[in-house]
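Here's the structure, in structure tokens; my notes come after.
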Amino acid sequence: MERQIKINTYELIKASCVPVDINEVTHVFYHTLVVDPRRAFANQDTNFQAAGNNQWMTTMDENEKPTCEYIQEDGTLVTGAYDVVPILDEFIKEHPDFDIEKERAEAKKVADAMKEEGWEFASHTWGHIKIGEVDLARLMLDTQKWHENVEPLVGKTDTIIFAHGQDLGKWGNYNETNVMYQYLREQGYRIFCNVDAGQYRTWFGKDYLRQGRRNLDGFRIYYNAIGKQDNVADLFDAAKIIDPLRPPVPPVE
């Protein structure tokens, strides 16, 4: 009886669904989140990292959900929904008993828990390489490192998100003449994503999907907020949501 009730419920939900035009599905992404804009954006004229933070990172409000660790300005350590990347060499120096296999096992637990919640993982390359500027040998070495070090933790994936917004080449050359594409296909990739500010950027090849990702970062939000660009209005009013603590964002050279 309970099973039939569930079936009837799901059938009703299914009947209420309407088809979606898959050519009109926008793909957005964020870089590292900024918790403290005053520190992250300070001294942009002399600190290239601060300028980069302002151009590429999106700010956030704290929500008091303990998921990561964050070192405050006074040196105290707090927990919360922060985005912190530890400096591995210093960690190893301070912890001589550091066990890489133990750390990998713990990382896999996190990845498994996320997958149970419905998250999926894609490759962003092992070394954050510029795919448009490396040769096949470099790509093969990078991909092998991904297979050896990351895949065992997050599982196999058919999706690669190119770093730096680069791509394999000109549009239309995802074919047998493109050795980089052919190699990545041999490694199991079928979905390829670059960066594109356009609202919808989806291409269906005979054996692959290419999709442009819209960068909702400091650069994009700031220049939309001041009226220099107009490419996020379908999502939000940039002037209303821009962080008031964000200083003017320098142009990208």
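Residue numbers start at 1 in each chain; chains themselves are named A, B, ... in the order of the structure tokens; ligands are numbered from 1 in the order shown.
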Would you kindly return, as number ranges by chain, each protein, DNA or RNA residue with an atom no farther than 8 Å from any atom of range 114-124 of chain A, considering only C-alpha atoms and excluding same-chain residues fewer than 4 positions away? A: 110, 128, 146, 154-155, 157-163
Selected residues written out with N, CA and C atoms, as a PDB file, in the first residue's frame:
ATOM      1  N   VAL A 110      34.832  13.119   2.992  1.00  0.00           N
ATOM      2  CA  VAL A 110      34.117  14.363   2.685  1.00  0.00           C
ATOM      3  C   VAL A 110      33.487  14.278   1.296  1.00  0.00           C
ATOM      4  N   HIS A 128      45.909  23.077 -12.649  1.00  0.00           N
ATOM      5  CA  HIS A 128      45.288  24.349 -13.058  1.00  0.00           C
ATOM      6  C   HIS A 128      45.987  24.895 -14.297  1.00  0.00           C
ATOM      7  N   TRP A 146      46.006  13.636 -12.221  1.00  0.00           N
ATOM      8  CA  TRP A 146      44.608  13.677 -11.786  1.00  0.00           C
ATOM      9  C   TRP A 146      44.101  12.262 -11.495  1.00  0.00           C
ATOM     10  N   VAL A 154      37.433  11.357  -5.488  1.00  0.00           N
ATOM     11  CA  VAL A 154      36.121  11.872  -5.914  1.00  0.00           C
ATOM     12  C   VAL A 154      35.420  10.969  -6.910  1.00  0.00           C
ATOM     13  N   GLY A 155      36.116   9.969  -7.430  1.00  0.00           N
ATOM     14  CA  GLY A 155      35.517   9.072  -8.404  1.00  0.00           C
ATOM     15  C   GLY A 155      35.745   9.537  -9.830  1.00  0.00           C
ATOM     16  N   THR A 157      34.945  10.914 -13.604  1.00  0.00           N
ATOM     17  CA  THR A 157      34.094  11.984 -14.110  1.00  0.00           C
ATOM     18  C   THR A 157      34.226  12.064 -15.622  1.00  0.00           C
ATOM     19  N   ASP A 158      33.157  12.487 -16.278  1.00  0.00           N
ATOM     20  CA  ASP A 158      33.202  12.681 -17.727  1.00  0.00           C
ATOM     21  C   ASP A 158      33.220  14.163 -18.077  1.00  0.00           C
ATOM     22  N   THR A 159      33.434  15.019 -17.061  1.00  0.00           N
ATOM     23  CA  THR A 159      33.368  16.472 -17.247  1.00  0.00           C
ATOM     24  C   THR A 159      34.694  17.120 -16.886  1.00  0.00           C
ATOM     25  N   ILE A 160      35.170  18.024 -17.734  1.00  0.00           N
ATOM     26  CA  ILE A 160      36.378  18.788 -17.430  1.00  0.00           C
ATOM     27  C   ILE A 160      36.066  20.272 -17.561  1.00  0.00           C
ATOM     28  N   ILE A 161      36.380  21.012 -16.501  1.00  0.00           N
ATOM     29  CA  ILE A 161      36.167  22.460 -16.426  1.00  0.00           C
ATOM     30  C   ILE A 161      37.527  23.114 -16.637  1.00  0.00           C
ATOM     31  N   PHE A 162      37.754  23.697 -17.798  1.00  0.00           N
ATOM     32  CA  PHE A 162      39.071  24.235 -18.106  1.00  0.00           C
ATOM     33  C   PHE A 162      39.422  25.420 -17.210  1.00  0.00           C
ATOM     34  N   ALA A 163      40.661  25.432 -16.746  1.00  0.00           N
ATOM     35  CA  ALA A 163      41.138  26.516 -15.897  1.00  0.00           C
ATOM     36  C   ALA A 163      41.454  27.756 -16.723  1.00  0.00           C
TER      37      ALA A 163
END
I want to know what sits within 10 Å of Thr143 in chain A, based on only C-alpha atoms, with residues of the same chain fewer than 2 positions away left out; could you give that as number ranges by chain? A: 123, 125-127, 137-141, 145-149, 183-184, 187
How would the residues just chosen look if you wrote them out with C-alpha atoms as an mmCIF file, in the first residue's frame?
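This went into selection.cif:
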data_model
loop_
_atom_site.group_PDB
_atom_site.id
_atom_site.type_symbol
_atom_site.label_atom_id
_atom_site.label_comp_id
_atom_site.auth_asym_id
_atom_site.auth_seq_id
_atom_site.Cartn_x
_atom_site.Cartn_y
_atom_site.Cartn_z
ATOM 1 C CA SER A 123 38.051 17.785 -13.272
ATOM 2 C CA THR A 125 42.900 19.729 -14.362
ATOM 3 C CA TRP A 126 45.487 18.628 -11.828
ATOM 4 C CA GLY A 127 47.783 21.621 -12.055
ATOM 5 C CA ALA A 137 52.850 15.774 -23.402
ATOM 6 C CA ARG A 138 52.088 18.316 -20.671
ATOM 7 C CA LEU A 139 48.376 17.529 -20.866
ATOM 8 C CA MET A 140 49.054 13.804 -20.584
ATOM 9 C CA LEU A 141 51.282 14.287 -17.525
ATOM 10 C CA LYS A 145 48.355 13.057 -11.964
ATOM 11 C CA TRP A 146 44.608 13.677 -11.786
ATOM 12 C CA HIS A 147 43.919 9.967 -12.258
ATOM 13 C CA GLU A 148 46.461 9.006 -9.600
ATOM 14 C CA ASN A 149 45.728 11.614 -6.940
ATOM 15 C CA TYR A 183 43.310 12.334 -25.899
ATOM 16 C CA LEU A 184 40.764 13.722 -23.430
ATOM 17 C CA GLN A 187 40.410 9.483 -20.910
#
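Near range 52-61 of chain A, within 6 Å and counting only C-alpha atoms, sit His31, Thr32, Leu33, Val34, Val35, Phe41, Asp217, Gly218, Phe219 and Val249 of chain A; same-chain residues fewer than 4 positions away were not included.
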Which residue of A:His164, A:His27, A:Ala42, A:Asp36 approaches Tyr70 in chain A most closely, using only C-alpha atoms: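 Of all the options, A:Asp36 lies closest to Tyr70 in chain A.
Computed from the coordinates, the CA of Glu176 in chain A to CA of Asn23 in chain A distance equals 25.1 Å.
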Would you list the contacts of range 102-109 of chain A as a ChimeraX atom specification, taking every protein, DNA or RNA residue within 6 Å and counting only C-alpha atoms, but skipping same-chain residues closer than 3 positions in sequence? /A:99,112,153
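Restricting the calculation to only C-alpha atoms, the smallest distance between Arg190 in chain A and any of A:Tyr208, A:Phe48, A:Tyr222, A:Trp203 is found for A:Tyr208.
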Let me make sure I understand: among A:Asn194, A:Asp237, A:Arg201, A:Tyr189, which one has the smallest atom-to-atom distance to Val25 in chain A if we use only C-alpha atoms? A:Arg201
Please give the complete set of residues from range 6-207 of chain A that DSSP, run on the backbone, assigns to strand (DSSP E or B), formatted as a ChimeraX atom specification. /A:28-29,33-34,58-59,68-71,77-80,123,159-161,191-195,202-204
DSSP-assigned helix (DSSP H, G or I) among range 88-203 of chain A, expressed as JSON, numbers by chain: {"A": [88, 89, 90, 91, 92, 93, 94, 100, 101, 102, 103, 104, 105, 106, 107, 108, 109, 110, 111, 112, 113, 114, 115, 116, 136, 137, 138, 139, 140, 141, 142, 143, 144, 145, 146, 147, 148, 149, 151, 152, 153, 154, 163, 164, 165, 179, 180, 181, 182, 183, 184, 185, 186]}
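Shortest atom-to-atom contact with Arg213 in chain A among A:Glu186, A:Asp243, A:Glu133, A:Asp167: A:Asp167, counting only C-alpha atoms.
Taking CA of Ile226 in chain A as the reference point, CA of Thr46 in chain A is found at 24.2 Å.
Taking CA of Ile242 in chain A and CA of Lys130 in chain A as endpoints, the distance between them is 29.5 Å.
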Compare A:Arg214, A:Lys14, A:Arg39, A:Lys170 by their minimum atom-to-atom distance to Asp74 in chain A, counting only C-alpha atoms, and give me the closest one.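 Smallest separation from Asp74 in chain A among the options: A:Arg39.
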